[in-house]
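Peer 1: The structure that follows is given in the form of structure tokens.
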Number of protein chains: 2
Amino acid sequence: MSREQIVAGAADMIRRRGLNATSIREVAKHAGTPLGSTYHYFPGGKNQLATEAVRLSAEIVTRVLDKKLRQGPAEGVRAFFGLWREVVAGTDFQAGCPVVAVAVEEAAHPEALAASAEAFRAWSRQLAESLEQHGVEARRAAQLATLVVGAAEGAVVMCRAQRSIQPLDDVAAELTALLESVISART
Amino acid sequence: MSREQIVAGAADMIRRRGLNATSIREVAKHAGTPLGSTYHYFPGGKNQLATEAVRLSAEIVTRVLDKKLRQGPAEGVRAFFGLWREVVAGTDFQAGCPVVAVAVEEAAHPEALAASAEAFRAWSRQLAESLEQHGVEARRAAQLATLVVGAAEGAVVMCRAQRSIQPLDDVAAELTALLESVISART
DNA sequence: GCTATCCTATGACGATCGTTATAGCCAATG
DNA sequence: CATTGGCTATAACGATCGTCATAGGATAGC
């Protein structure tokens with residue numbers, strides 16, 4: 001019970017302030033659990049906590065993608081951008097993607113970084129498979145999927161810096177149009 | 001003389017480990033200057049140092065863009081991706097973009113964040129203007145420019161996490177093809 | 001040669017960090 | 001009712017952080 005709250009709280013703090021600025025003390029306080037409990041639940045320390053936070057965040061996105069992609073790649077991409085739009089706009093541009101936050105602060109937390117890589121790979125693979133199922137050649141599908149994930153993540157960062165939702169909307173508009181043309185050409 | 005070395009060193013450390021993990025002590029040591037000098041040159045403290053580091057990095061990219069865009073938007077985009085490819089691959093996936101690193105770690109350094117926003121805006125504007133000059137309608141040009149910047153930055157993050165240059169190459173391939181088709185359609 | 005100005009050198013300050021240890025509570029099991 | 005085991009509570013450790021203050025050295029202009 002407490003455990004999940006700690007992980008969820010850590011993920012929220014990481015996506016706002018970054019991994020290094022997220023202290024275990026504050027995570028514990030934010031979750032209403034004592035500091036000692038954190039090391040009881042996560043004997044691996046900060047590395048383990050960050051890793052689980054990344055994995056949790058990645059899974060939430062994965063599940064939404066899995067569900068929406070059944071209605072086709074266009075719907076999946078729409079939902080993907082919708083998710084990030086909600087995060088960025090819903091926090092007054094103060095939160096972004098924890099996966100990115102961990103990936104940008106190297107070295108000291110190798111397992112967390114590996115979890116980030118896995119998250120990117122999972123999302124890309126989901127999108128690519130859906131595109132393939134709709135007639136896009138495998139190589140092209142992989143490229144497009146990477147483009148969608150990368151562009152969305154980059155746009156989220158731009159939105160936060162500029163305190164505007166426009167980069168995300170611009171990117172979403174361009175990519176939905178591009179995917180539409182690619183898919184309609186193959187059907 | 002020393003001053004520029006401090007800023008350049010700070011930018012290098014920020015793009016590798018992030019802003020919070022970049023301590024002024026280590027920046028000074030890395031630049032071979034005493035800690036006291038840092039506060040002599042940058043009385044604004046870490047905020048000022050980070051701000052100047054972001055601005056310096058942004059200007060380097062801006063200059064390359066300005067030069068290459070004279071040969072057309074396609075050449076500019078090629079150079080933009082080439083720059084990031086060099087950074088990521090040339091550091092064994094340990095360095096990324098300092099502008100992103102600062103943008104992802106909020107709040108505590110507001111001027112540095114503003115400098116990040118300005119960097120994104122400058123790059124986007126340069127690309128958009130070039131596209132407009134080649135017949136792309138203003139609104140569309142702005143969208144495409146944002147897509148290029150966002151996708152490149154996102155791909156850099158993915159490359160670091162996955163320790164592979166492929167995301168950047170995939171995104172570059174898709175976007176150069178897209179821009180080619182957009183431009184050739186308008187000429 | 002004197003002085004004023006720029007930079008260095010050194011050390012300290014309070015705060016916070018990740019992590020560990022130890023002692024105690026409290027509920028469930030027998 | 002006793003005991004065990006999961007969780008709490010509390011405090012401490014060494015380290016590092018951003019920042020500031022103060023004293024010393026060098027170098028330039030007069």
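Here's how to read the names in the structure tokens: chain A, B, ... by the order shown, residue numbers from 1 in each chain, ligand numbers from 1 in the order shown.
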Quick one: everything within 12 Å of Pro43 (chain A), counting only C-alpha atoms (C1' of nucleotides), minus sequence neighbours fewer than 6 positions away in the same chain. Send it as a ChimeraX atom specification.

Peer 2: /A:36-37,49 /C:19-20

Peer 1: Would you mind listing, for every residue of chain C within 8 Å of chain B, the two atoms forming the shortest contact and the distance between them in Å to one decimal, using only C-alpha atoms (C1' of nucleotides), sorted by chain and ascending residue number, as CSV?

Peer 2:
```
residue,atom,partner,partner_atom,distance
C:DC7,C1',B:Ser37,CA,7.0
C:DT8,C1',B:Ser37,CA,7.1
C:DA9,C1',B:Pro34,CA,7.8
```

Peer 1: Can you check which parts of chain D lie within 12 Å of chain B? Per residue, the shortest pair of atoms and distance in Å to one decimal, counting only C-alpha atoms (C1' of nucleotides), sorted by chain and number, as a tab-separated table.

Peer 2:
```
residue	atom	partner	partner_atom	distance
D:DT16	C1'	B:Ser23	CA	9.2
D:DC17	C1'	B:Ser23	CA	7.4
D:DG18	C1'	B:Lys46	CA	7.8
D:DT19	C1'	B:Gly45	CA	8.0
D:DC20	C1'	B:Tyr39	CA	9.5
D:DA21	C1'	B:Gly36	CA	10.7
D:DT22	C1'	B:Gly36	CA	11.5
```

Peer 1: What does the file look like for those residues with N, CA and C atoms (P, O5', C5', C4', C3', O3' and C1' of nucleotides), as an mmCIF file, in the first residue's frame?

Peer 2:
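This is the output file out-v2.cif:
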```cif
data_model
loop_
_atom_site.group_PDB
_atom_site.id
_atom_site.type_symbol
_atom_site.label_atom_id
_atom_site.label_comp_id
_atom_site.auth_asym_id
_atom_site.auth_seq_id
_atom_site.Cartn_x
_atom_site.Cartn_y
_atom_site.Cartn_z
ATOM 1 P P DT D 16 33.068 13.937 -1.203
ATOM 2 O "O5'" DT D 16 31.974 15.014 -1.605
ATOM 3 C "C5'" DT D 16 30.700 14.600 -2.068
ATOM 4 C "C4'" DT D 16 29.753 15.766 -2.005
ATOM 5 C "C3'" DT D 16 30.333 17.061 -2.589
ATOM 6 O "O3'" DT D 16 29.624 17.380 -3.772
ATOM 7 C "C1'" DT D 16 29.115 17.418 -0.563
ATOM 8 P P DC D 17 30.049 18.568 -4.686
ATOM 9 O "O5'" DC D 17 28.907 19.647 -4.415
ATOM 10 C "C5'" DC D 17 27.544 19.231 -4.486
ATOM 11 C "C4'" DC D 17 26.656 20.208 -3.753
ATOM 12 C "C3'" DC D 17 26.966 21.669 -4.023
ATOM 13 O "O3'" DC D 17 26.288 22.067 -5.199
ATOM 14 C "C1'" DC D 17 26.519 21.293 -1.701
ATOM 15 P P DG D 18 26.859 23.330 -6.001
ATOM 16 O "O5'" DG D 18 26.255 24.577 -5.196
ATOM 17 C "C5'" DG D 18 24.851 24.704 -5.075
ATOM 18 C "C4'" DG D 18 24.511 25.936 -4.261
ATOM 19 C "C3'" DG D 18 25.087 27.239 -4.819
ATOM 20 O "O3'" DG D 18 24.146 28.296 -4.639
ATOM 21 C "C1'" DG D 18 25.976 26.840 -2.653
ATOM 22 P P DT D 19 24.477 29.730 -5.210
ATOM 23 O "O5'" DT D 19 25.208 30.414 -3.960
ATOM 24 C "C5'" DT D 19 24.565 30.406 -2.699
ATOM 25 C "C4'" DT D 19 25.480 30.959 -1.627
ATOM 26 C "C3'" DT D 19 26.177 32.267 -1.990
ATOM 27 O "O3'" DT D 19 25.589 33.320 -1.227
ATOM 28 C "C1'" DT D 19 27.596 30.748 -0.793
ATOM 29 P P DC D 20 25.997 34.836 -1.558
ATOM 30 O "O5'" DC D 20 27.085 35.118 -0.415
ATOM 31 C "C5'" DC D 20 26.795 34.721 0.914
ATOM 32 C "C4'" DC D 20 28.057 34.786 1.757
ATOM 33 C "C3'" DC D 20 28.849 36.084 1.598
ATOM 34 O "O3'" DC D 20 28.821 36.776 2.834
ATOM 35 C "C1'" DC D 20 30.267 34.145 1.590
ATOM 36 P P DA D 21 29.413 38.288 2.927
ATOM 37 O "O5'" DA D 21 30.819 38.041 3.632
ATOM 38 C "C5'" DA D 21 30.919 37.067 4.671
ATOM 39 C "C4'" DA D 21 32.349 36.991 5.164
ATOM 40 C "C3'" DA D 21 33.145 38.286 5.013
ATOM 41 O "O3'" DA D 21 33.944 38.491 6.160
ATOM 42 C "C1'" DA D 21 34.238 36.546 3.863
ATOM 43 P P DT D 22 34.683 39.943 6.403
ATOM 44 O "O5'" DT D 22 36.119 39.531 6.923
ATOM 45 C "C5'" DT D 22 36.444 38.143 7.055
ATOM 46 C "C4'" DT D 22 37.824 37.870 6.510
ATOM 47 C "C3'" DT D 22 38.684 39.119 6.282
ATOM 48 O "O3'" DT D 22 39.984 38.899 6.790
ATOM 49 C "C1'" DT D 22 38.701 37.786 4.381
#
```

Peer 1: Enumerate as a ChimeraX atom specification the residues belonging to chain B that approach chain A to within 8 Å, with only C-alpha atoms taken into account.

Peer 2: /B:15-18,20-21,94,96,100-101,103-107,113-114,116-118,120,143-144,146-155,157-158,160-162,167,170-171,173-174

Peer 1: Write out as a PyMOL selection string each polymer residue whose atoms come within 8 Å of Ala8 (chain B), counting only C-alpha atoms (C1' of nucleotides); drop sequence neighbours fewer than 4 positions from it.

Peer 2: chain B and resi 4+12+53+56

Peer 1: Give me every alpha helix (DSSP H) residue in region 2-42 of chain A, going by DSSP on the backbone, as a count of residues only.

Peer 2: 31
